Amino acid sequence: MDYNFKEIEARWQQFWADNKSFKTTDDFSKPKFYCLDMFPYPSGAGLHVGHPEGYTATDIVCRYKRSKGFNVLHPMGWDAFGLPAEQYAIQTGTHPAETTKKNCDNFRRQIQSLGLSYDWDREINTTDPSYFKWTQWIFTKLYNTWFDAAAGKGKLISELPIPAEIASAGKQAIKEYVDQKRLAYYGEAQVWYCRTCKTVCANEEVLNDGSHEKCGTKEVERRFLKQWMLRIPHYAERLLEGLDGLDWPEGVKEMQRNWIGRSTGAEVDFTLAGHDKKLRVYTTRPDTLFGATYMVVAPEHELVTEITTSAQKAAVANYINTAAMKSELDRTDLAKGKTGVFTGCYAINPLNGAEIPVWVADYVLMGYGTGAIMAVPAHDERDFEFAQTYDLPIICILDPKEGTDTVTRNKVLSGQACWSDDGAYINSVNKNIGIDINGLTKEQGIQQVTSWLEIAGLGKSTVNYKLRDWLFSRQRYWGEPFPVIHWEDGEITLLDDAELPLQLPEVEKYQPGETGESPLSNAGEWLTVTDANGRKGRRETNTMPQWAGSCWYYLRFIDPKNESEPFAKAKENYWMPVDLYVGGAEHAVLHLLYSRFWHKVLFDLGIVSTNEPFQKLYNQGMILAFAYETASGSKVPSDLVTEKEGKYFHNETGDELRQIVAKMSKSLKNVVNPDDVVEKFGADSLRLYEMFIGPLEATKPWTENGVKGVYNFLRRVATFFGEESNLKEGAESKETLKMLHQTIKKVGDDVEDMKFNTAISQMMVFTNHCLKAGSVTRETAKTFYQVLAPFAPHLAEELWAMSGHTESIGTSPWPVFNPAFLTEEVVEYPVSFNGKVRFKLELPVGLTSKEVEEAILGHDLTKKWLEGMTIVKIIVVLGKIVNIVLK
RNA sequence: GCCCGGGUGGCGGAAUUGGUAGACGCGCUGGACUCAAAAUCCAGUGAUAGCAAUAUCGUGCGGGUUCGAUUCCCGCCCCGGGUACCA
């Protein structure tokens, strides 16, 4: 038969759709397998070849798992809120919902053309009110939850104990106390704001020179805006612990650990000369307190203005302004050196009473610790650099000791170099207050100083996290509206569950409000509400960030049509956790951390049954493309490049170009569209190539010639097995049986290990063998179709039907591997002399080492290599290799 | 700077409880088919030397352990990704 992939693929895609072949039922009696792809943002550009990579991998696993008897949940949906549709609305007036629908339809069409076995009845869309109703519902849960640190879990706000002194201070005090505990709160947050665009902008939109990327003006500033925030740091410890039990790439877990950034240290209070207030610092090295020679507070620190002397006022104010205008990158660029200004104020070192100057410097960040540090230049690189710049004293209190070269050690001791490793303390004694850590090691010192501070009431041991409150609102139209009303008397209330979903209003224009407010501030009637008592209120105009919808979509897939609850408990209990989650590594931290956070809150509230959402995570690598650049390194679009004898030339200039590997991009004209590949080679070829190109997790370049390779393989399968005369009755040859069973085993094992490239290679080896053999039995052929089916389902269905089946091949069980067919009668021993293989010798299986040794020593070929040499040793590794050591 | 990956033929990649390096595919070369080309089929294909048998070299570089190292250890170089002064 010819390989008419177009006809074959159309037929079977129709068959699967007509028969709802991949519809998942909630049959709780079967073992379940929940396999999830990171759902895409349906962009206007359509699918690129990177999407099908992960989708094909999960599809193969799903088809394989079904044939192994699992009840498989394999859904697809759209993460469809997002900026591009809104941008397009601003430019053209097209409603984002319209753009979104168009893009979703296109994505669905493209994905369906690949023959992926999704249960389309479970399709969800984050912009659908029946979906975001529950996103809003979860937000109300977050708002009404507090974290009980003692119990280590979230609880309903109604269970929050109110301390007596708060309770007696009145209603307002209680309200403030409660609000302070909620996981969601409304507060001030500093954001970038562009006065020209009248919008809040992202960190990366603000360029190094302080201009706004989108409009080019320098009208950007740091501004405080009222925002919704989530107290994710309360779950830091839980998020950290939870990682241990997950089957995730170690690197991703490490990235999450680093992001959470747990550190233990101490908070220490310093008195300020001439002030009542104390300056509290956080340090991981309380042991180096004797070496503190100055203090630094962040420019945003609340005490700065208060402690600055009049002589320094102008300089400090100027510095604060400059720091505020600096972009994050600018402020934190290592190459740019450190800056700071003296406040004129002095602090007292609690251990030795020394007066040390307090500086303002932007290398200290307000968002971490207490926003103030004690600087120990002798033992901290950053402080050292700063001290050198401003000529501040550097006092060594930790002797690097033996093992460090003399030059370095002397430099450290004289304050000319920084030492942050372990050593022995010097100059660290104050008999008057009963502290002496001289001679101790770092670990002992930290412990002793911390406990001294605690007893003296000057400080306490503290755990700190880098993880910060999550800024959870955006000044955009195209997002989930907050179910929140701000009343004229200042009260904030949330809508009742019965009032959800709160839908987006229709607006005339999508431009932001005058003062940086969301476009919803133009929404007229929708905006104002009046309660039963005539009190007026205004709806929240911010919307939720794109993360919101993707934080819990895996739960909705379980029961996507449920109208009375986000999902039925029994179904959740059966399907969770997700057994395999596949997506790009770019989501290693944020999406996966946010999702885990929500999940843990839902778990604490008894809404979900598992502590973690995603049991196994696998990252697919990026698919790149070849690109071209000139000798000077400038990129040349691919349509201007000609290949001649393996070299590449510029069509216009004739210059020789260098082939490089780069991300696919419009400007390089090297974007590969899956539609074109399906048109030219078929969906099975596209699927196979995406898997054959290399390991799933690797970054690899796309080549069209590679597609041709797998296409050839499929064509050969189609023509060989499609030819009646190649299929025979009777007993299969021993050799073919062995190959077949090797293939069953290898492919099965490789799918379990997500090693699809080697599985395909094995099927190629098998097919090559069949072609050489000339014919195989019908039984062999059918078994092979079953092995091929998860990878090239259309062709496998076709061949399966041709062999007389009326049911889909997907309903047949995975073939059973029989090791009996693999037994060998002979072993080929490579015989090496001094580690170099000289010849190979076939010997019967089952010989003892002694027998193998004798057989080899007695062999003619051995004699040549023994001439003039003496045997030192003979190593026989049974079944593997023989090595004879000569002298 | 730090953290995490990774360096194997012309190319994508196989092979690691240490045991025949280069499976499979692309490309290339030669042959068959064809008036010719494409497609397809067959054979060859790490480098060097040799007509050949064969020999030597060969998994980023330099050392080490071992009968034996792509695999383990030490030191370095390069590439990719992440991150940004976290006290």
# chains A, B, ... in the order shown; residues from 1 in each chain; ligands from 1
$ interface_residues --of "chain A" --to "chain B" --cutoff "6 Å" --atoms "only C-alpha atoms (C1' of nucleotides)" --output "list in words"
Gly251, Thr283, Thr332, Tyr363, Ile373, Gly706, Gly709, Ser761, Pro830, Gly835, Ile881 and Val885 of chain A
$ residues_around --residues "segment 58-61 of chain B" --least-positions-apart "4" --cutoff "8 Å" --atoms "only C-alpha atoms (C1' of nucleotides)" --output "ChimeraX atom specification"
/B:7-8,21,46-47,70,76-78
$ write_last_selection --atoms "N, CA and C atoms (P, O5', C5', C4', C3', O3' and C1' of nucleotides)" --output "PDB file, in the first residue's frame"
ATOM      1  P     G B   7      27.201  15.958  27.389  1.00  0.00           P
ATOM      2  O5'   G B   7      27.995  17.048  26.537  1.00  0.00           O
ATOM      3  C5'   G B   7      28.459  16.715  25.290  1.00  0.00           C
ATOM      4  C4'   G B   7      29.085  17.923  24.651  1.00  0.00           C
ATOM      5  C3'   G B   7      30.455  17.585  24.082  1.00  0.00           C
ATOM      6  O3'   G B   7      30.601  18.153  22.792  1.00  0.00           O
ATOM      7  C1'   G B   7      30.638  19.374  25.649  1.00  0.00           C
ATOM      8  P     U B   8      30.041  17.328  21.552  1.00  0.00           P
ATOM      9  O5'   U B   8      30.554  15.853  21.827  1.00  0.00           O
ATOM     10  C5'   U B   8      31.955  15.561  21.805  1.00  0.00           C
ATOM     11  C4'   U B   8      32.162  14.103  21.568  1.00  0.00           C
ATOM     12  C3'   U B   8      31.779  13.616  20.177  1.00  0.00           C
ATOM     13  O3'   U B   8      32.848  13.836  19.268  1.00  0.00           O
ATOM     14  C1'   U B   8      30.896  12.133  21.811  1.00  0.00           C
ATOM     15  P     A B  21      35.907  -0.578  22.397  1.00  0.00           P
ATOM     16  O5'   A B  21      34.889   0.632  22.332  1.00  0.00           O
ATOM     17  C5'   A B  21      34.310   0.975  21.100  1.00  0.00           C
ATOM     18  C4'   A B  21      33.022   1.726  21.360  1.00  0.00           C
ATOM     19  C3'   A B  21      32.328   2.177  20.100  1.00  0.00           C
ATOM     20  O3'   A B  21      31.440   1.170  19.674  1.00  0.00           O
ATOM     21  C1'   A B  21      32.550   4.002  21.603  1.00  0.00           C
ATOM     22  P     G B  46      33.015   4.864   9.665  1.00  0.00           P
ATOM     23  O5'   G B  46      33.502   6.139  10.500  1.00  0.00           O
ATOM     24  C5'   G B  46      32.797   7.354  10.427  1.00  0.00           C
ATOM     25  C4'   G B  46      33.583   8.442  11.116  1.00  0.00           C
ATOM     26  C3'   G B  46      35.012   8.620  10.587  1.00  0.00           C
ATOM     27  O3'   G B  46      35.045   9.462   9.470  1.00  0.00           O
ATOM     28  C1'   G B  46      35.052   8.472  12.946  1.00  0.00           C
ATOM     29  P     A B  47      36.211   9.258   8.383  1.00  0.00           P
ATOM     30  O5'   A B  47      37.485   9.828   9.167  1.00  0.00           O
ATOM     31  C5'   A B  47      37.602  11.223   9.451  1.00  0.00           C
ATOM     32  C4'   A B  47      38.928  11.477  10.126  1.00  0.00           C
ATOM     33  C3'   A B  47      40.145  10.961   9.357  1.00  0.00           C
ATOM     34  O3'   A B  47      40.575  11.906   8.398  1.00  0.00           O
ATOM     35  C1'   A B  47      40.273  10.247  11.594  1.00  0.00           C
ATOM     36  P     U B  70      37.313   6.304  27.621  1.00  0.00           P
ATOM     37  O5'   U B  70      36.092   7.280  27.332  1.00  0.00           O
ATOM     38  C5'   U B  70      36.244   8.670  27.531  1.00  0.00           C
ATOM     39  C4'   U B  70      34.898   9.303  27.744  1.00  0.00           C
ATOM     40  C3'   U B  70      34.303   9.071  29.126  1.00  0.00           C
ATOM     41  O3'   U B  70      34.803  10.005  30.055  1.00  0.00           O
ATOM     42  C1'   U B  70      32.669   8.707  27.435  1.00  0.00           C
ATOM     43  P     C B  76      40.135  24.988  39.135  1.00  0.00           P
ATOM     44  O5'   C B  76      40.397  24.961  37.560  1.00  0.00           O
ATOM     45  C5'   C B  76      41.120  26.000  36.937  1.00  0.00           C
ATOM     46  C4'   C B  76      41.479  25.636  35.528  1.00  0.00           C
ATOM     47  C3'   C B  76      40.488  26.093  34.471  1.00  0.00           C
ATOM     48  O3'   C B  76      40.628  27.470  34.168  1.00  0.00           O
ATOM     49  C1'   C B  76      41.119  23.878  34.011  1.00  0.00           C
ATOM     50  P     C B  77      39.321  28.308  33.829  1.00  0.00           P
ATOM     51  O5'   C B  77      39.077  27.929  32.304  1.00  0.00           O
ATOM     52  C5'   C B  77      40.085  28.203  31.325  1.00  0.00           C
ATOM     53  C4'   C B  77      39.674  27.618  29.995  1.00  0.00           C
ATOM     54  C3'   C B  77      38.279  27.998  29.528  1.00  0.00           C
ATOM     55  O3'   C B  77      38.246  29.275  28.921  1.00  0.00           O
ATOM     56  C1'   C B  77      38.565  25.682  29.264  1.00  0.00           C
ATOM     57  P     C B  78      36.936  30.186  29.073  1.00  0.00           P
ATOM     58  O5'   C B  78      35.925  29.507  28.055  1.00  0.00           O
ATOM     59  C5'   C B  78      36.213  29.470  26.656  1.00  0.00           C
ATOM     60  C4'   C B  78      35.298  28.505  25.968  1.00  0.00           C
ATOM     61  C3'   C B  78      33.813  28.796  26.126  1.00  0.00           C
ATOM     62  O3'   C B  78      33.370  29.800  25.237  1.00  0.00           O
ATOM     63  C1'   C B  78      34.187  26.497  26.497  1.00  0.00           C
TER      64        C B  78
END
$ select_by_dssp --residues "segment 643-887 of chain A" --states "strand (DSSP E or B)" --output "number ranges by chain"
A: 643-644, 647-650, 656-662, 700-702, 727-728, 776-777, 826-833, 836-844, 871-877, 881-886
$ write_last_selection --atoms "C-alpha atoms" --output "mmCIF file, in the first residue's frame"
data_model
loop_
_atom_site.group_PDB
_atom_site.id
_atom_site.type_symbol
_atom_site.label_atom_id
_atom_site.label_comp_id
_atom_site.auth_asym_id
_atom_site.auth_seq_id
_atom_site.Cartn_x
_atom_site.Cartn_y
_atom_site.Cartn_z
ATOM 1 C CA GLU A 643 23.580 26.591 0.940
ATOM 2 C CA LYS A 644 26.394 25.407 -1.326
ATOM 3 C CA LYS A 647 28.622 26.180 3.335
ATOM 4 C CA TYR A 648 26.224 29.076 3.631
ATOM 5 C CA PHE A 649 26.202 32.299 1.652
ATOM 6 C CA HIS A 650 24.344 35.593 1.695
ATOM 7 C CA GLU A 656 30.027 33.296 3.650
ATOM 8 C CA LEU A 657 27.808 32.931 6.712
ATOM 9 C CA ARG A 658 28.117 30.958 9.897
ATOM 10 C CA GLN A 659 25.343 28.528 10.821
ATOM 11 C CA ILE A 660 24.250 28.941 14.413
ATOM 12 C CA VAL A 661 21.441 27.592 16.555
ATOM 13 C CA ALA A 662 18.973 30.171 17.855
ATOM 14 C CA LYS A 700 17.698 20.898 20.183
ATOM 15 C CA PRO A 701 17.495 22.398 16.709
ATOM 16 C CA TRP A 702 14.783 21.584 14.167
ATOM 17 C CA LEU A 727 2.472 -11.434 5.722
ATOM 18 C CA LYS A 728 2.443 -15.159 6.207
ATOM 19 C CA VAL A 776 6.709 -11.972 8.911
ATOM 20 C CA THR A 777 3.639 -13.672 10.336
ATOM 21 C CA VAL A 826 26.302 -18.215 22.232
ATOM 22 C CA VAL A 827 28.050 -15.167 23.602
ATOM 23 C CA GLU A 828 30.425 -13.109 21.530
ATOM 24 C CA TYR A 829 33.394 -12.302 23.721
ATOM 25 C CA PRO A 830 35.587 -9.379 22.764
ATOM 26 C CA VAL A 831 39.077 -10.559 23.645
ATOM 27 C CA SER A 832 41.399 -7.773 24.650
ATOM 28 C CA PHE A 833 45.076 -7.661 25.490
ATOM 29 C CA LYS A 836 42.758 -3.304 23.570
ATOM 30 C CA VAL A 837 40.199 -5.454 21.800
ATOM 31 C CA ARG A 838 41.995 -7.616 19.247
ATOM 32 C CA PHE A 839 39.374 -10.078 18.097
ATOM 33 C CA LYS A 840 35.989 -11.510 18.957
ATOM 34 C CA LEU A 841 35.176 -15.086 19.793
ATOM 35 C CA GLU A 842 31.813 -16.815 19.979
ATOM 36 C CA LEU A 843 31.503 -19.209 22.902
ATOM 37 C CA PRO A 844 28.530 -21.208 24.168
ATOM 38 C CA ILE A 871 50.682 -13.302 31.098
ATOM 39 C CA VAL A 872 50.302 -11.281 34.248
ATOM 40 C CA LYS A 873 46.597 -11.743 34.804
ATOM 41 C CA ILE A 874 43.442 -12.861 32.995
ATOM 42 C CA ILE A 875 40.164 -11.096 33.697
ATOM 43 C CA VAL A 876 37.001 -12.844 32.593
ATOM 44 C CA VAL A 877 33.710 -10.994 32.986
ATOM 45 C CA ILE A 881 34.472 -9.350 28.038
ATOM 46 C CA VAL A 882 37.857 -10.970 28.485
ATOM 47 C CA ASN A 883 41.020 -9.017 29.141
ATOM 48 C CA ILE A 884 44.478 -10.541 29.220
ATOM 49 C CA VAL A 885 47.153 -8.465 30.911
ATOM 50 C CA LEU A 886 50.605 -8.963 29.413
#
$ atom_distance --atom1 "atom CA of Thr780 of chain A" --atom2 "atom CA of Ile744 of chain A"
11.1 Å
$ residues_around --residues "G30 of chain B" --least-positions-apart "6" --cutoff "12 Å" --atoms "only C-alpha atoms (C1' of nucleotides)" --output "JSON, numbers by chain"
{"B": [42, 43, 44, 45]}
$ residues_around --residues "segment 44-61 of chain A" --least-positions-apart "5" --cutoff "7 Å" --atoms "only C-alpha atoms (C1' of nucleotides)" --output "ChimeraX atom specification"
/A:35,37,103,106-107,110,116-117,582-583,620,622-623,672-674,687,690,751,790-791
$ atom_distance --atom1 "atom CA of Ile162 of chain A" --atom2 "atom CA of Gly367 of chain A"
28.2 Å
$ residues_around --residues "G75 of chain B" --least-positions-apart "4" --cutoff "12 Å" --atoms "only C-alpha atoms (C1' of nucleotides)" --output "ChimeraX atom specification"
/B:61-64
$ write_last_selection --atoms "all heavy atoms" --output "short mmCIF file (atom, residue, chain, number, x, y, z; two decimals), in the first residue's frame"
data_model
loop_
_atom_site.label_atom_id
_atom_site.label_comp_id
_atom_site.auth_asym_id
_atom_site.auth_seq_id
_atom_site.Cartn_x
_atom_site.Cartn_y
_atom_site.Cartn_z
P C B 61 39.85 16.57 24.34
OP1 C B 61 40.71 16.19 23.20
OP2 C B 61 39.35 15.56 25.29
"O5'" C B 61 40.60 17.70 25.18
"C5'" C B 61 41.43 18.66 24.55
"C4'" C B 61 42.17 19.46 25.59
"O4'" C B 61 41.21 20.08 26.49
"C3'" C B 61 43.03 18.64 26.53
"O3'" C B 61 44.29 18.31 25.96
"C2'" C B 61 43.17 19.57 27.72
"O2'" C B 61 44.10 20.60 27.48
"C1'" C B 61 41.77 20.16 27.79
N1 C B 61 40.90 19.42 28.75
C2 C B 61 41.08 19.66 30.12
O2 C B 61 41.97 20.46 30.47
N3 C B 61 40.31 19.01 31.01
C4 C B 61 39.37 18.16 30.59
N4 C B 61 38.63 17.54 31.50
C5 C B 61 39.17 17.89 29.20
C6 C B 61 39.95 18.54 28.32
P G B 62 45.02 16.95 26.39
OP1 G B 62 46.20 16.80 25.52
OP2 G B 62 44.01 15.87 26.47
"O5'" G B 62 45.50 17.27 27.87
"C5'" G B 62 46.46 18.29 28.10
"C4'" G B 62 46.76 18.41 29.56
"O4'" G B 62 45.60 18.93 30.27
"C3'" G B 62 47.02 17.09 30.27
"O3'" G B 62 48.33 16.61 30.03
"C2'" G B 62 46.79 17.49 31.73
"O2'" G B 62 47.89 18.20 32.26
"C1'" G B 62 45.58 18.42 31.60
N9 G B 62 44.33 17.69 31.82
C8 G B 62 43.48 17.15 30.89
N7 G B 62 42.44 16.56 31.42
C5 G B 62 42.62 16.72 32.79
C6 G B 62 41.82 16.28 33.88
O6 G B 62 40.75 15.65 33.86
N1 G B 62 42.37 16.65 35.11
C2 G B 62 43.54 17.34 35.25
N2 G B 62 43.92 17.60 36.50
N3 G B 62 44.30 17.76 34.25
C4 G B 62 43.78 17.42 33.06
P G B 63 48.68 15.10 30.41
OP1 G B 63 50.04 14.82 29.89
OP2 G B 63 47.53 14.23 30.03
"O5'" G B 63 48.76 15.19 31.99
"C5'" G B 63 48.58 14.02 32.76
"C4'" G B 63 48.36 14.41 34.20
"O4'" G B 63 47.23 15.31 34.29
"C3'" G B 63 48.00 13.23 35.07
"O3'" G B 63 49.16 12.53 35.49
"C2'" G B 63 47.22 13.90 36.20
"O2'" G B 63 48.07 14.54 37.12
"C1'" G B 63 46.42 14.94 35.41
N9 G B 63 45.16 14.37 34.90
C8 G B 63 44.80 14.15 33.59
N7 G B 63 43.61 13.61 33.47
C5 G B 63 43.17 13.45 34.76
C6 G B 63 41.95 12.91 35.26
O6 G B 63 41.00 12.45 34.61
N1 G B 63 41.90 12.94 36.65
C2 G B 63 42.90 13.42 37.46
N2 G B 63 42.68 13.35 38.78
N3 G B 63 44.04 13.93 37.01
C4 G B 63 44.10 13.92 35.66
P G B 64 49.15 10.94 35.27
OP1 G B 64 50.52 10.47 35.60
OP2 G B 64 48.55 10.63 33.96
"O5'" G B 64 48.15 10.48 36.42
"C5'" G B 64 48.43 10.84 37.77
"C4'" G B 64 47.24 10.58 38.64
"O4'" G B 64 46.08 11.27 38.12
"C3'" G B 64 46.76 9.13 38.70
"O3'" G B 64 47.59 8.34 39.53
"C2'" G B 64 45.36 9.32 39.27
"O2'" G B 64 45.39 9.57 40.66
"C1'" G B 64 44.91 10.58 38.54
N9 G B 64 44.07 10.27 37.37
C8 G B 64 44.39 10.40 36.03
N7 G B 64 43.42 10.04 35.23
C5 G B 64 42.40 9.64 36.10
C6 G B 64 41.09 9.15 35.83
O6 G B 64 40.55 8.96 34.73
N1 G B 64 40.38 8.87 36.99
C2 G B 64 40.88 9.03 38.26
N2 G B 64 40.06 8.69 39.26
N3 G B 64 42.09 9.50 38.54
C4 G B 64 42.79 9.78 37.41
#
$ atom_distance --atom1 "atom CA of Asn125 of chain A" --atom2 "atom CA of Gly77 of chain A"
5.7 Å
$ residues_around --residues "Asn438 of chain A" --least-positions-apart "5" --cutoff "10 Å" --atoms "only C-alpha atoms (C1' of nucleotides)" --output "list in words"
Ile397, Leu398, Asp399, Ala424, Tyr425, Ile426, Asn427, Ser428, Val429 and Gly445 of chain A
$ write_last_selection --atoms "all heavy atoms" --output "mmCIF file, in the first residue's frame"
data_model
loop_
_atom_site.group_PDB
_atom_site.id
_atom_site.type_symbol
_atom_site.label_atom_id
_atom_site.label_comp_id
_atom_site.auth_asym_id
_atom_site.auth_seq_id
_atom_site.Cartn_x
_atom_site.Cartn_y
_atom_site.Cartn_z
ATOM 1 N N ILE A 397 38.083 40.174 62.672
ATOM 2 C CA ILE A 397 37.824 39.483 63.947
ATOM 3 C C ILE A 397 37.826 37.970 63.784
ATOM 4 O O ILE A 397 37.480 37.231 64.682
ATOM 5 C CB ILE A 397 36.476 39.920 64.567
ATOM 6 C CG1 ILE A 397 35.322 39.626 63.592
ATOM 7 C CG2 ILE A 397 36.484 41.386 64.968
ATOM 8 C CD1 ILE A 397 34.092 39.140 64.307
ATOM 9 N N LEU A 398 38.185 37.518 62.579
ATOM 10 C CA LEU A 398 38.191 36.073 62.333
ATOM 11 C C LEU A 398 39.472 35.728 61.574
ATOM 12 O O LEU A 398 39.651 36.141 60.439
ATOM 13 C CB LEU A 398 36.949 35.686 61.518
ATOM 14 C CG LEU A 398 36.525 34.231 61.523
ATOM 15 C CD1 LEU A 398 36.096 33.790 62.913
ATOM 16 C CD2 LEU A 398 35.387 34.024 60.542
ATOM 17 N N ASP A 399 40.328 34.975 62.245
ATOM 18 C CA ASP A 399 41.630 34.598 61.691
ATOM 19 C C ASP A 399 41.457 33.366 60.805
ATOM 20 O O ASP A 399 41.025 32.324 61.285
ATOM 21 C CB ASP A 399 42.587 34.300 62.864
ATOM 22 C CG ASP A 399 43.969 33.914 62.384
ATOM 23 O OD1 ASP A 399 44.150 33.725 61.159
ATOM 24 O OD2 ASP A 399 44.865 33.792 63.231
ATOM 25 N N ALA A 424 39.150 31.246 63.267
ATOM 26 C CA ALA A 424 39.104 31.369 64.728
ATOM 27 C C ALA A 424 38.984 32.848 65.081
ATOM 28 O O ALA A 424 39.692 33.690 64.525
ATOM 29 C CB ALA A 424 40.361 30.780 65.344
ATOM 30 N N TYR A 425 38.097 33.164 66.037
ATOM 31 C CA TYR A 425 37.848 34.563 66.366
ATOM 32 C C TYR A 425 39.035 35.201 67.062
ATOM 33 O O TYR A 425 39.739 34.560 67.848
ATOM 34 C CB TYR A 425 36.615 34.694 67.266
ATOM 35 C CG TYR A 425 35.357 34.288 66.553
ATOM 36 C CD1 TYR A 425 34.829 33.016 66.737
ATOM 37 C CD2 TYR A 425 34.723 35.157 65.675
ATOM 38 C CE1 TYR A 425 33.690 32.623 66.067
ATOM 39 C CE2 TYR A 425 33.583 34.772 64.997
ATOM 40 C CZ TYR A 425 33.070 33.503 65.194
ATOM 41 O OH TYR A 425 31.957 33.110 64.516
ATOM 42 N N ILE A 426 39.243 36.479 66.795
ATOM 43 C CA ILE A 426 40.193 37.317 67.522
ATOM 44 C C ILE A 426 39.463 38.619 67.830
ATOM 45 O O ILE A 426 38.414 38.886 67.235
ATOM 46 C CB ILE A 426 41.465 37.590 66.675
ATOM 47 C CG1 ILE A 426 41.062 38.128 65.288
ATOM 48 C CG2 ILE A 426 42.299 36.326 66.537
ATOM 49 C CD1 ILE A 426 42.219 38.593 64.441
ATOM 50 N N ASN A 427 39.965 39.378 68.738
ATOM 51 C CA ASN A 427 39.358 40.694 69.060
ATOM 52 C C ASN A 427 37.870 40.584 69.385
ATOM 53 O O ASN A 427 37.114 41.504 69.120
ATOM 54 C CB ASN A 427 39.500 41.683 67.892
ATOM 55 C CG ASN A 427 40.945 41.839 67.467
ATOM 56 O OD1 ASN A 427 41.850 41.811 68.310
ATOM 57 N ND2 ASN A 427 41.154 41.970 66.168
ATOM 58 N N SER A 428 37.438 39.440 69.906
ATOM 59 C CA SER A 428 36.010 39.264 70.139
ATOM 60 C C SER A 428 35.743 38.940 71.606
ATOM 61 O O SER A 428 35.248 37.865 71.936
ATOM 62 C CB SER A 428 35.455 38.156 69.244
ATOM 63 O OG SER A 428 35.543 38.538 67.899
ATOM 64 N N VAL A 429 36.115 39.863 72.435
ATOM 65 C CA VAL A 429 35.906 39.636 73.861
ATOM 66 C C VAL A 429 35.538 40.949 74.557
ATOM 67 O O VAL A 429 36.041 42.016 74.210
ATOM 68 C CB VAL A 429 37.166 38.997 74.503
ATOM 69 C CG1 VAL A 429 38.413 39.791 74.142
ATOM 70 C CG2 VAL A 429 37.030 38.860 76.008
ATOM 71 N N GLY A 445 30.517 30.365 67.407
ATOM 72 C CA GLY A 445 30.383 31.806 67.616
ATOM 73 C C GLY A 445 28.967 32.287 67.384
ATOM 74 O O GLY A 445 28.420 33.063 68.171
#
